[in-house]
>>> print(open('model_12.tsv').read())   # TSV, C-alpha atoms
chain	number	residue	atom	x	y	z
A	13	MET	CA	0.00	0.00	0.00
A	14	THR	CA	2.74	2.43	1.02
A	15	ILE	CA	4.70	1.72	-2.15
A	16	VAL	CA	1.61	2.29	-4.30
A	17	VAL	CA	0.79	5.65	-2.65
A	18	VAL	CA	4.40	6.86	-2.85
A	19	GLY	CA	4.60	5.68	-6.46
A	20	ILE	CA	1.44	7.57	-7.48
A	21	ILE	CA	2.55	10.81	-5.83
A	22	ALA	CA	6.24	10.59	-6.73
A	23	LEU	CA	5.62	10.62	-10.48
A	24	PRO	CA	4.06	14.14	-10.79
A	25	ILE	CA	6.45	15.53	-8.19
A	26	SER	CA	9.42	14.20	-10.17
A	27	ILE	CA	8.05	15.72	-13.37
A	28	THR	CA	7.50	19.07	-11.63
A	29	LEU	CA	11.01	19.00	-10.20
A	30	SER	CA	12.55	18.25	-13.59
A	31	ARG	CA	10.61	21.18	-15.10
A	32	HIS	CA	11.94	23.37	-12.30
A	33	ILE	CA	15.48	22.44	-13.19
A	34	GLN	CA	14.78	23.27	-16.85
A	35	SER	CA	13.30	26.61	-15.77
A	36	VAL	CA	16.39	27.49	-13.77
A	37	PHE	CA	18.55	27.03	-16.87
A	38	GLN	CA	16.05	28.89	-19.05
A	39	SER	CA	15.92	31.88	-16.70
A	40	GLN	CA	19.70	31.91	-16.57
A	41	ASP	CA	19.71	32.10	-20.39
A	42	MET	CA	17.20	34.95	-20.43
A	43	THR	CA	19.10	36.96	-17.82
A	44	MET	CA	22.36	36.46	-19.67
A	45	ALA	CA	20.77	37.35	-23.01
A	46	ASN	CA	19.27	40.56	-21.53
A	47	ASN	CA	22.63	41.60	-20.15
A	48	LEU	CA	24.49	40.88	-23.39
A	49	ALA	CA	21.93	42.74	-25.53
A	50	ARG	CA	22.09	45.72	-23.19
A	51	PHE	CA	25.90	45.64	-23.19
A	52	ASP	CA	25.94	45.73	-26.98
A	53	LEU	CA	23.45	48.61	-27.23
A	54	GLU	CA	25.39	50.64	-24.68
A	55	GLN	CA	28.54	50.02	-26.72
A	56	VAL	CA	26.71	51.15	-29.86
A	57	ASN	CA	25.49	54.25	-28.00
A	58	ASN	CA	29.11	55.16	-27.42
A	59	THR	CA	30.27	54.39	-30.96
A	60	ASP	CA	30.80	57.00	-33.66
A	61	TYR	CA	27.66	57.22	-35.83
A	62	ASN	CA	29.52	56.20	-39.00
A	63	ASP	CA	30.91	53.10	-37.33
A	64	ILE	CA	27.53	51.69	-36.28
A	65	VAL	CA	27.11	48.73	-38.62
A	66	SER	CA	25.32	45.39	-38.81
A	67	ALA	CA	27.15	42.43	-37.32
A	68	SER	CA	26.67	38.79	-36.47
A	69	ILE	CA	28.85	37.69	-33.58
A	70	PRO	CA	28.90	34.04	-32.49
A	71	GLY	CA	30.02	33.42	-28.91
A	72	TYR	CA	29.49	37.08	-28.00
A	73	GLN	CA	31.99	38.34	-25.41
A	74	GLY	CA	33.19	34.76	-24.93
A	75	TYR	CA	29.82	33.49	-23.72
A	76	ASP	CA	27.81	30.68	-25.24
A	77	TYR	CA	25.38	33.09	-26.94
A	78	ASP	CA	25.16	34.49	-30.46
A	79	LEU	CA	24.36	38.16	-31.06
A	80	THR	CA	22.97	39.62	-34.25
A	81	ARG	CA	22.95	43.40	-34.72
A	82	THR	CA	20.94	44.79	-37.63
A	83	VAL	CA	21.40	48.42	-38.59
A	84	ALA	CA	19.04	50.21	-40.99
A	85	LEU	CA	19.17	53.86	-42.08
A	86	ILE	CA	15.69	55.26	-41.49
A	87	ASN	CA	16.30	59.03	-41.78
A	88	SER	CA	18.76	60.95	-43.88
A	89	TRP	CA	18.86	64.68	-44.66
A	90	PHE	CA	21.07	66.80	-46.88
A	91	PHE	CA	23.56	64.20	-48.14
A	92	GLY	CA	23.61	62.49	-44.79
A	93	LEU	CA	24.52	65.60	-42.80
A	94	GLU	CA	21.79	64.53	-40.39
A	95	GLY	CA	20.55	60.97	-40.07
A	96	THR	CA	19.04	58.28	-37.86
A	97	LYS	CA	19.81	54.57	-37.74
A	98	LYS	CA	17.53	51.88	-36.38
A	99	ILE	CA	19.47	49.34	-34.34
A	100	THR	CA	18.00	45.89	-33.65
A	101	VAL	CA	19.93	43.56	-31.36
A	102	GLN	CA	18.92	39.92	-30.99
A	103	VAL	CA	20.54	37.33	-28.73
A	104	SER	CA	20.09	33.57	-28.94
A	105	LYS	CA	21.73	30.54	-27.39
A	106	SER	CA	24.64	29.40	-29.57
A	107	GLY	CA	23.39	27.13	-32.32
A	108	SER	CA	19.73	27.81	-31.53
A	109	ALA	CA	17.33	29.73	-33.76
A	110	ALA	CA	15.12	30.78	-30.83
A	111	VAL	CA	15.63	34.46	-29.98
A	112	LEU	CA	15.92	35.01	-26.23
A	113	VAL	CA	15.77	38.80	-26.35
A	114	LYS	CA	15.34	41.48	-29.00
A	115	LEU	CA	15.98	45.18	-28.29
A	116	VAL	CA	15.32	48.02	-30.73
A	117	THR	CA	16.35	51.66	-30.60
A	118	TYR	CA	17.27	54.61	-32.81
A	119	ILE	CA	20.54	56.51	-32.80
A	120	SER	CA	20.86	59.86	-34.55
A	121	ARG	CA	23.93	61.60	-35.89
A	122	ASN	CA	25.32	64.63	-34.02
A	123	ILE	CA	24.04	63.66	-30.57
A	124	ARG	CA	26.27	65.33	-28.02
A	125	TYR	CA	26.30	65.39	-24.25
A	126	PRO	CA	27.98	67.88	-21.94
A	127	PHE	CA	29.52	65.01	-19.98
B	22	MET	CA	2.94	-6.10	15.89
B	23	ILE	CA	3.75	-6.37	12.18
B	24	LYS	CA	0.44	-4.71	11.27
B	25	GLN	CA	1.25	-1.74	13.54
B	26	LYS	CA	4.66	-1.27	11.81
B	27	LYS	CA	2.99	-1.32	8.35
B	28	GLY	CA	0.61	1.43	9.48
B	29	LEU	CA	3.49	3.51	10.72
B	30	ALA	CA	5.26	3.24	7.37
B	31	LEU	CA	2.16	4.49	5.54
B	32	ILE	CA	1.78	7.43	7.91
B	33	ALA	CA	5.46	8.26	7.54
B	34	ALA	CA	5.16	8.07	3.75
B	35	ILE	CA	2.11	10.34	3.71
B	36	MET	CA	3.89	12.84	5.96
B	37	LEU	CA	6.89	12.74	3.68
B	38	ILE	CA	4.67	13.27	0.63
B	39	VAL	CA	2.94	16.24	2.31
B	40	PHE	CA	6.30	17.73	3.24
B	41	VAL	CA	7.74	17.25	-0.26
B	42	SER	CA	4.54	18.64	-1.86
B	43	ILE	CA	4.74	21.79	0.25
B	44	ALA	CA	8.41	22.19	-0.66
B	45	VAL	CA	7.69	21.71	-4.37
B	46	LEU	CA	4.77	24.16	-4.20
B	47	GLY	CA	7.01	26.76	-2.56
B	48	LEU	CA	9.66	26.18	-5.20
B	49	THR	CA	7.05	26.54	-7.96
B	50	VAL	CA	5.84	29.88	-6.58
B	51	PHE	CA	9.45	31.06	-6.30
B	52	ILE	CA	10.29	30.07	-9.88
B	53	VAL	CA	7.10	31.60	-11.32
B	54	GLN	CA	7.89	34.90	-9.58
B	55	TRP	CA	11.50	34.70	-10.68
B	56	PHE	CA	10.37	34.30	-14.31
B	57	SER	CA	7.90	37.13	-13.91
B	58	GLN	CA	10.68	39.37	-12.63
B	59	ILE	CA	13.01	38.47	-15.50
B	60	ASN	CA	10.19	39.13	-17.97
B	61	SER	CA	9.48	42.51	-16.36
B	62	GLU	CA	13.15	43.43	-16.52
B	63	GLN	CA	13.22	42.53	-20.21
B	64	LEU	CA	10.11	44.60	-20.95
B	65	SER	CA	11.49	47.50	-18.94
B	66	LEU	CA	14.72	47.37	-20.95
B	67	LYS	CA	12.78	47.30	-24.23
B	68	CYS	CA	10.73	50.34	-23.12
B	69	LEU	CA	13.86	52.28	-22.16
B	70	TYR	CA	15.42	51.82	-25.61
B	71	LEU	CA	12.11	52.63	-27.31
B	72	ALA	CA	11.97	55.88	-25.33
B	73	GLN	CA	15.52	56.62	-26.46
B	74	ALA	CA	14.38	56.05	-30.06
B	75	GLY	CA	11.79	58.81	-29.59
B	76	ILE	CA	14.39	61.26	-28.27
B	77	HIS	CA	16.90	60.61	-31.05
B	78	ASP	CA	14.26	60.79	-33.77
B	79	ALA	CA	13.05	64.14	-32.37
B	80	ILE	CA	16.58	65.53	-32.41
B	81	PHE	CA	16.94	64.46	-36.04
B	82	GLU	CA	13.67	66.26	-36.87
B	83	VAL	CA	14.76	69.44	-35.09
B	84	ARG	CA	18.21	69.55	-36.62
B	85	SER	CA	17.03	68.77	-40.13
B	86	SER	CA	14.41	71.55	-39.98
B	87	HIS	CA	16.72	74.22	-38.53
B	88	PHE	CA	17.19	77.21	-40.80
B	89	PRO	CA	19.15	80.07	-39.24
B	90	SER	CA	17.28	83.40	-38.99
B	91	PHE	CA	14.00	81.71	-39.96
B	92	THR	CA	13.24	78.88	-37.57
B	93	ASN	CA	15.10	76.96	-34.91
B	94	GLY	CA	13.56	73.68	-36.09
B	95	SER	CA	10.77	71.60	-34.62
B	96	PHE	CA	9.70	68.03	-33.97
B	97	SER	CA	6.42	66.13	-34.10
B	98	LEU	CA	4.51	64.68	-31.16
B	99	GLY	CA	2.37	61.56	-30.85
B	100	GLN	CA	2.77	57.80	-30.98
B	101	VAL	CA	5.12	56.06	-33.42
B	102	THR	CA	5.39	52.31	-33.96
B	103	VAL	CA	9.01	51.16	-34.06
B	104	GLU	CA	8.28	47.43	-34.33
B	105	PRO	CA	4.92	45.64	-34.25
B	106	GLY	CA	3.61	46.14	-30.71
B	107	GLU	CA	6.56	48.35	-29.71
B	108	THR	CA	6.04	52.10	-29.68
B	109	TYR	CA	7.25	55.41	-28.38
B	110	HIS	CA	5.02	58.37	-27.61
B	111	ARG	CA	6.35	61.93	-27.57
B	112	GLY	CA	4.72	64.81	-25.75
B	113	GLY	CA	5.27	67.49	-23.16
B	114	THR	CA	3.86	70.53	-21.40
B	115	ALA	CA	3.64	73.99	-22.95
B	116	ALA	CA	6.71	75.02	-20.95
B	117	ASP	CA	8.66	71.99	-22.24
B	118	LEU	CA	7.83	72.99	-25.81
B	119	LEU	CA	8.65	76.68	-25.47
B	120	MET	CA	11.95	77.56	-27.12
B	121	VAL	CA	13.55	80.72	-25.80
B	122	ASP	CA	16.50	81.82	-27.89
B	123	THR	CA	18.75	84.16	-25.92
B	124	SER	CA	21.64	84.20	-28.38
B	125	ASP	CA	21.03	87.75	-29.64
B	126	THR	CA	19.68	89.51	-26.53
B	127	SER	CA	21.13	92.94	-25.93
B	128	GLN	CA	20.60	96.06	-23.83
B	129	SER	CA	20.27	99.40	-25.52
B	130	GLY	CA	19.20	102.59	-23.74
B	131	THR	CA	15.92	101.89	-21.96
B	132	ASP	CA	15.37	98.54	-23.66
B	133	VAL	CA	16.37	94.92	-23.48
B	134	GLU	CA	15.96	93.65	-27.03
B	135	ASP	CA	15.88	90.73	-29.42
B	136	LEU	CA	14.77	87.78	-27.42
B	137	LYS	CA	13.22	85.08	-29.63
B	138	ILE	CA	10.58	82.51	-28.83
B	139	GLN	CA	9.16	79.59	-30.78
B	140	LYS	CA	6.91	76.57	-30.44
B	141	ALA	CA	9.23	73.55	-30.55
B	142	THR	CA	6.70	71.21	-32.08
B	143	SER	CA	5.07	71.09	-35.48
B	144	SER	CA	2.04	69.36	-33.91
B	145	ALA	CA	-1.07	71.47	-33.32
B	146	SER	CA	-1.54	70.13	-29.80
B	147	PRO	CA	-0.71	71.07	-27.10
B	148	THR	CA	-1.33	74.81	-27.21
B	149	VAL	CA	1.81	76.75	-26.29
B	150	SER	CA	0.45	79.98	-24.85
B	151	ILE	CA	2.06	82.51	-22.50
B	152	ASP	CA	-0.11	83.74	-19.65
B	153	ARG	CA	2.39	85.83	-17.66
B	154	MET	CA	6.03	86.85	-17.74
B	155	VAL	CA	7.80	87.42	-14.44
B	156	VAL	CA	10.82	89.59	-15.20
B	157	THR	CA	13.58	89.78	-12.59
B	158	TRP	CA	16.67	91.94	-12.99
B	159	SER	CA	19.55	93.43	-11.10
B	160	LYS	CA	21.39	96.59	-12.06
B	161	SER	CA	23.70	99.07	-10.50
B	162	GLY	CA	22.74	102.72	-10.28
B	163	GLN	CA	19.23	104.10	-10.26
B	164	PRO	CA	16.41	101.54	-9.96
B	165	ARG	CA	14.08	101.20	-12.95
B	166	SER	CA	10.65	99.76	-13.53
B	167	LEU	CA	9.34	97.67	-16.41
B	168	GLN	CA	6.88	99.64	-18.53
B	169	SER	CA	6.09	97.57	-21.62
B	170	ILE	CA	6.65	94.27	-23.38
B	171	ARG	CA	6.51	94.31	-27.15
B	172	ILE	CA	6.12	91.03	-29.02
B	173	ALA	CA	5.99	90.69	-32.83
B	174	GLY	CA	5.54	94.42	-33.39
B	175	SER	CA	2.81	95.10	-30.79
B	176	ASN	CA	2.81	96.02	-27.14
B	177	ARG	CA	1.33	92.99	-25.34
B	178	TRP	CA	1.67	94.44	-21.84
B	179	THR	CA	2.08	97.91	-20.38
B	180	GLY	CA	2.41	98.96	-16.76
B	181	ASN	CA	4.95	100.15	-14.23
B	182	LEU	CA	6.46	97.40	-12.09
B	183	SER	CA	9.73	97.05	-10.25
B	184	SER	CA	11.73	93.81	-10.11
B	185	PRO	CA	10.40	91.11	-9.93
B	186	ALA	CA	7.76	92.40	-12.34
B	187	ASN	CA	4.79	90.09	-12.72
B	188	ALA	CA	3.55	91.10	-16.17
B	189	ASP	CA	0.20	89.42	-16.70
B	190	LEU	CA	-0.52	89.70	-20.44
B	191	PRO	CA	-4.08	91.03	-20.93
B	192	VAL	CA	-4.42	88.63	-23.87
B	193	ASN	CA	-2.51	85.35	-23.57
B	194	TYR	CA	0.10	85.12	-26.30
B	195	ALA	CA	-0.31	81.85	-28.24
B	196	LEU	CA	2.51	80.55	-30.40
B	197	THR	CA	1.16	78.99	-33.58
B	198	GLY	CA	3.20	77.32	-36.29
B	199	THR	CA	6.92	76.93	-35.90
B	200	ALA	CA	8.17	80.33	-37.06
B	201	THR	CA	10.43	82.21	-34.69
B	202	ILE	CA	8.69	85.14	-32.96
B	203	SER	CA	10.64	88.12	-31.69
B	204	ILE	CA	10.11	89.63	-28.26
B	205	ASP	CA	11.23	92.93	-29.74
B	206	ARG	CA	11.86	94.71	-26.50
B	207	LEU	CA	11.24	95.05	-22.81
B	208	ARG	CA	11.09	98.80	-22.16
B	209	PHE	CA	12.04	100.31	-18.79
B	210	SER	CA	11.43	103.66	-17.13
B	211	GLY	CA	14.95	104.89	-17.84
B	212	SER	CA	18.37	103.89	-19.04
B	213	MET	CA	19.24	100.27	-18.26
B	214	ASN	CA	22.98	100.92	-18.45
B	215	GLY	CA	24.57	99.01	-15.59
B	216	LEU	CA	22.28	96.03	-16.05
B	217	ASN	CA	23.97	93.02	-14.48
B	218	SER	CA	21.54	90.22	-15.18
B	219	MET	CA	17.95	89.55	-16.15
B	220	SER	CA	15.81	86.42	-16.10
B	221	ILE	CA	12.26	85.79	-17.25
B	222	GLN	CA	9.90	83.19	-15.90
B	223	PHE	CA	7.33	82.32	-18.56
B	224	VAL	CA	4.09	81.16	-16.93
B	225	MET	CA	2.13	79.17	-19.49
B	226	THR	CA	-1.64	78.85	-19.64
B	227	ASP	CA	-1.39	75.19	-18.57
B	228	GLY	CA	0.26	76.37	-15.34
B	229	PHE	CA	3.76	75.08	-16.10
B	230	THR	CA	6.68	77.49	-16.03
B	231	LYS	CA	10.02	77.97	-17.73
B	232	THR	CA	12.71	80.28	-16.37
B	233	VAL	CA	15.43	81.58	-18.69
B	234	GLN	CA	18.33	83.92	-18.12
B	235	VAL	CA	18.08	86.45	-20.93
B	236	TYR	CA	20.85	88.89	-20.03
B	237	PRO	CA	23.76	88.77	-20.46
B	238	ASP	CA	23.07	87.02	-23.77
B	239	SER	CA	24.06	83.39	-23.97
B	240	ASN	CA	24.13	80.98	-26.86
B	241	ASN	CA	21.19	79.07	-25.41
B	242	CYS	CA	17.88	77.84	-26.77
B	243	VAL	CA	16.68	75.01	-24.55
B	244	PHE	CA	13.51	72.94	-24.84
B	245	THR	CA	12.52	69.57	-23.45
B	246	ILE	CA	11.68	66.41	-25.38
B	247	LYS	CA	9.75	63.72	-23.48
B	248	SER	CA	9.34	60.21	-24.83
B	249	THR	CA	7.63	57.14	-23.36
B	250	GLY	CA	8.50	53.63	-24.57
B	251	ARG	CA	5.87	50.92	-24.35
B	252	VAL	CA	5.30	47.30	-25.38
B	253	SER	CA	1.70	46.36	-26.06
B	254	GLY	CA	0.06	43.92	-23.65
B	255	SER	CA	2.10	45.17	-20.72
B	256	ASN	CA	1.58	47.92	-18.13
B	257	ILE	CA	5.28	48.68	-18.01
B	258	TYR	CA	6.51	51.97	-19.48
B	259	ARG	CA	9.68	54.07	-19.28
B	260	THR	CA	9.84	57.81	-19.97
B	261	ILE	CA	12.96	59.80	-20.77
B	262	ALA	CA	13.12	63.60	-20.73
B	263	ALA	CA	15.95	65.35	-22.56
B	264	ASP	CA	16.75	69.06	-22.26
B	265	TYR	CA	18.08	69.89	-25.69
B	266	ASN	CA	20.08	73.06	-26.26
B	267	LEU	CA	20.17	74.16	-29.90
B	268	MET	CA	22.92	76.71	-29.25
B	269	PRO	CA	21.74	78.72	-32.28
B	270	ASP	CA	24.98	80.57	-33.01
B	271	SER	CA	26.87	77.33	-33.54
B	272	TYR	CA	24.17	74.67	-33.71
B	273	SER	CA	25.77	72.46	-36.35
B	274	THR	CA	28.84	71.80	-34.24
B	275	THR	CA	27.84	72.38	-30.62
B	276	SER	CA	24.09	71.80	-30.12
B	277	ARG	CA	23.70	69.17	-27.44
B	278	ILE	CA	21.63	67.40	-24.84
B	279	ASP	CA	22.18	69.53	-21.73
B	280	ASP	CA	20.54	66.99	-19.44
B	281	ILE	CA	18.82	63.64	-19.85
B	282	TYR	CA	16.88	61.91	-17.09
B	283	GLU	CA	14.12	59.43	-16.45
B	284	ILE	CA	10.73	60.58	-15.16
B	285	ASN	CA	7.85	58.56	-13.77
B	286	THR	CA	5.15	60.04	-15.99
B	287	GLU	CA	3.64	58.26	-18.95
B	288	ILE	CA	3.20	60.38	-22.08
B	289	THR	CA	-0.20	59.54	-23.54
B	290	SER	CA	-1.14	62.67	-25.44
B	291	PRO	CA	-1.38	64.11	-27.99
>>> encode(input="model_12.tsv", output="structure tokens")
Amino acid sequence: MTIVVVGIIALPISITLSRHIQSVFQSQDMTMANNLARFDLEQVNNTDYNDIVSASIPGYQGYDYDLTRTVALINSWFFGLEGTKKITVQVSKSGSAAVLVKLVTYISRNIRYPF
Amino acid sequence: MIKQKKGLALIAAIMLIVFVSIAVLGLTVFIVQWFSQINSEQLSLKCLYLAQAGIHDAIFEVRSSHFPSFTNGSFSLGQVTVEPGETYHRGGTAADLLMVDTSDTSQSGTDVEDLKIQKATSSASPTVSIDRMVVTWSKSGQPRSLQSIRIAGSNRWTGNLSSPANADLPVNYALTGTATISIDRLRFSGSMNGLNSMSIQFVMTDGFTKTVQVYPDSNNCVFTIKSTGRVSGSNIYRTIAADYNLMPDSYSTTSRIDDIYEINTEITSP
């Protein structure tokens, strides 16, 4: 009787626990992907406008994640004297097609700060 | 005796199951909340960069519509879709959208002259309308009083007030379009030679205020761009406000963001 009861209950608990372990790894991936995407956008924010270009970087910053940066010119005025680029950064686990995080922003030419 | 031991084993097993179930339930709640937090952080990050998109796009619009001596440029307000379900929304108060160009201000005889104002947005809403101007000055020598304010060729206020002069315009002065308007002169009761400094607080009809030092002249023309980033299906938003200084005398090489900060107000209009 005891073995039967323990057997019936142990099965769903084991399944739940295995899902928990999967979740822990998944959340670790998402946190890492967020941080890497943010790192890349902050780097782009501090890059000269002309040097902001598309890139596909496997094993970004030495981690087991691939980063894809897509840059598109969305505004241009007077031979490019003024302009805006749309930056899309996507991070996925190395070798996986599933995107863990995607961040989008615009960066304009001639943005200056007093600091 | 054997039967009693079997009963004990079952009770112990049930207790163990209850204990493990409670532990697993607690772990489940913890992991669900953990995921929720990670998801919120990701949405928050997306919103922040969407808000930045709104600021940078506005600066492009201003700079590409700047024509010296005609207009200081302008930007549009409202919601823009960056990606499906991902938007930014630009807006601001009347004071945020009031440009005050102090690059050519001068003092001559009884007057302080050539202050320029402009509506910073090409959007019809919100109304950018001046209700009052509080003029504060300090000068050496004989004290003077403010007697008139002339805007775009007409006296909009007359009186006789000492500093700080609260000049309540009899008819609110509304800025329409994006052309630069000249505050031709502030006339005083006598010579303003010896003027050390002068500032004007513009009190707008929506109650918000903007204070600008107008004398001595400075290469300043500051306005504020506010942009909220949002992802549809979520209550999370992030709003960035940027004080942009066009620096009209040298805008192509020196115009800049004077200050950029996050505010906890969602822009929803216009």
>>> closest_residue(input="model_12.tsv", among="B:Leu167, B:Cys242, B:Leu267, B:Ala145", to="chain A", atoms="only C-alpha atoms")
B:Leu267
>>> atom_distance(input="model_12.tsv", atom1="CA of Leu112 in chain A", atom2="CA of Asn46 in chain A")
8.0 Å
>>> interface_residues(input="model_12.tsv", of="chain B", to="chain A", cutoff="6 Å", atoms="only C-alpha atoms", output="JSON, numbers by chain")
{"B": [31, 67, 70, 71, 74, 77, 277, 278]}
>>> closest_residue(input="model_12.tsv", among="B:Ser124, B:Thr230, B:Ser276, B:Gln163", to="Ile151 in chain B", atoms="all atoms listed in the file")
B:Thr230
>>> closest_residue(input="model_12.tsv", among="B:Thr49, B:Ser203, B:Ser86, B:Thr114", to="Ser30 in chain A", atoms="all atoms listed in the file")
B:Thr49
>>> residues_around(input="model_12.tsv", residues="range 128-143 of chain B", least_positions_apart="2", cutoff="8 Å", atoms="only C-alpha atoms", output="VMD selection string")
chain B and resid 92 to 98 118 to 126 145 149 196 to 214 216 235 244
>>> write_last_selection(input="model_12.tsv", atoms="C-alpha atoms", output="mmCIF file, keeping the file's coordinate frame")
data_model
loop_
_atom_site.group_PDB
_atom_site.id
_atom_site.type_symbol
_atom_site.label_atom_id
_atom_site.label_comp_id
_atom_site.auth_asym_id
_atom_site.auth_seq_id
_atom_site.Cartn_x
_atom_site.Cartn_y
_atom_site.Cartn_z
ATOM 1 C CA THR B 92 13.240 78.880 -37.570
ATOM 2 C CA ASN B 93 15.100 76.960 -34.910
ATOM 3 C CA GLY B 94 13.560 73.680 -36.090
ATOM 4 C CA SER B 95 10.770 71.600 -34.620
ATOM 5 C CA PHE B 96 9.700 68.030 -33.970
ATOM 6 C CA SER B 97 6.420 66.130 -34.100
ATOM 7 C CA LEU B 98 4.510 64.680 -31.160
ATOM 8 C CA LEU B 118 7.830 72.990 -25.810
ATOM 9 C CA LEU B 119 8.650 76.680 -25.470
ATOM 10 C CA MET B 120 11.950 77.560 -27.120
ATOM 11 C CA VAL B 121 13.550 80.720 -25.800
ATOM 12 C CA ASP B 122 16.500 81.820 -27.890
ATOM 13 C CA THR B 123 18.750 84.160 -25.920
ATOM 14 C CA SER B 124 21.640 84.200 -28.380
ATOM 15 C CA ASP B 125 21.030 87.750 -29.640
ATOM 16 C CA THR B 126 19.680 89.510 -26.530
ATOM 17 C CA ALA B 145 -1.070 71.470 -33.320
ATOM 18 C CA VAL B 149 1.810 76.750 -26.290
ATOM 19 C CA LEU B 196 2.510 80.550 -30.400
ATOM 20 C CA THR B 197 1.160 78.990 -33.580
ATOM 21 C CA GLY B 198 3.200 77.320 -36.290
ATOM 22 C CA THR B 199 6.920 76.930 -35.900
ATOM 23 C CA ALA B 200 8.170 80.330 -37.060
ATOM 24 C CA THR B 201 10.430 82.210 -34.690
ATOM 25 C CA ILE B 202 8.690 85.140 -32.960
ATOM 26 C CA SER B 203 10.640 88.120 -31.690
ATOM 27 C CA ILE B 204 10.110 89.630 -28.260
ATOM 28 C CA ASP B 205 11.230 92.930 -29.740
ATOM 29 C CA ARG B 206 11.860 94.710 -26.500
ATOM 30 C CA LEU B 207 11.240 95.050 -22.810
ATOM 31 C CA ARG B 208 11.090 98.800 -22.160
ATOM 32 C CA PHE B 209 12.040 100.310 -18.790
ATOM 33 C CA SER B 210 11.430 103.660 -17.130
ATOM 34 C CA GLY B 211 14.950 104.890 -17.840
ATOM 35 C CA SER B 212 18.370 103.890 -19.040
ATOM 36 C CA MET B 213 19.240 100.270 -18.260
ATOM 37 C CA ASN B 214 22.980 100.920 -18.450
ATOM 38 C CA LEU B 216 22.280 96.030 -16.050
ATOM 39 C CA VAL B 235 18.080 86.450 -20.930
ATOM 40 C CA PHE B 244 13.510 72.940 -24.840
#
>>> decode(input="model_12.tsv", residues="range 28-42 of chain A", atoms="N, CA and C atoms", output="short mmCIF file (atom, residue, chain, number, x, y, z; two decimals), in the first residue's frame")
data_model
loop_
_atom_site.label_atom_id
_atom_site.label_comp_id
_atom_site.auth_asym_id
_atom_site.auth_seq_id
_atom_site.Cartn_x
_atom_site.Cartn_y
_atom_site.Cartn_z
N THR A 28 7.46 17.65 -12.01
CA THR A 28 7.50 19.07 -11.63
C THR A 28 8.94 19.51 -11.31
N LEU A 29 9.63 18.65 -10.56
CA LEU A 29 11.01 19.00 -10.20
C LEU A 29 11.91 19.10 -11.44
N SER A 30 11.71 18.19 -12.39
CA SER A 30 12.55 18.25 -13.59
C SER A 30 12.25 19.52 -14.39
N ARG A 31 10.96 19.92 -14.42
CA ARG A 31 10.61 21.18 -15.10
C ARG A 31 11.25 22.38 -14.39
N HIS A 32 11.31 22.29 -13.07
CA HIS A 32 11.94 23.37 -12.30
C HIS A 32 13.40 23.53 -12.69
N ILE A 33 14.05 22.39 -12.82
CA ILE A 33 15.48 22.44 -13.19
C ILE A 33 15.64 23.06 -14.58
N GLN A 34 14.75 22.66 -15.51
CA GLN A 34 14.78 23.27 -16.85
C GLN A 34 14.58 24.79 -16.76
N SER A 35 13.63 25.18 -15.92
CA SER A 35 13.30 26.61 -15.77
C SER A 35 14.49 27.40 -15.26
N VAL A 36 15.22 26.80 -14.33
CA VAL A 36 16.39 27.49 -13.77
C VAL A 36 17.39 27.79 -14.89
N PHE A 37 17.63 26.82 -15.75
CA PHE A 37 18.55 27.03 -16.87
C PHE A 37 17.99 28.07 -17.85
N GLN A 38 16.68 27.96 -18.10
CA GLN A 38 16.05 28.89 -19.05
C GLN A 38 16.14 30.33 -18.54
N SER A 39 15.88 30.52 -17.25
CA SER A 39 15.92 31.88 -16.70
C SER A 39 17.35 32.41 -16.71
N GLN A 40 18.29 31.51 -16.51
CA GLN A 40 19.70 31.91 -16.57
C GLN A 40 20.02 32.41 -17.99
N ASP A 41 19.50 31.69 -18.99
CA ASP A 41 19.71 32.10 -20.39
C ASP A 41 19.11 33.47 -20.66
N MET A 42 17.88 33.67 -20.17
CA MET A 42 17.20 34.95 -20.43
C MET A 42 17.94 36.11 -19.76
#
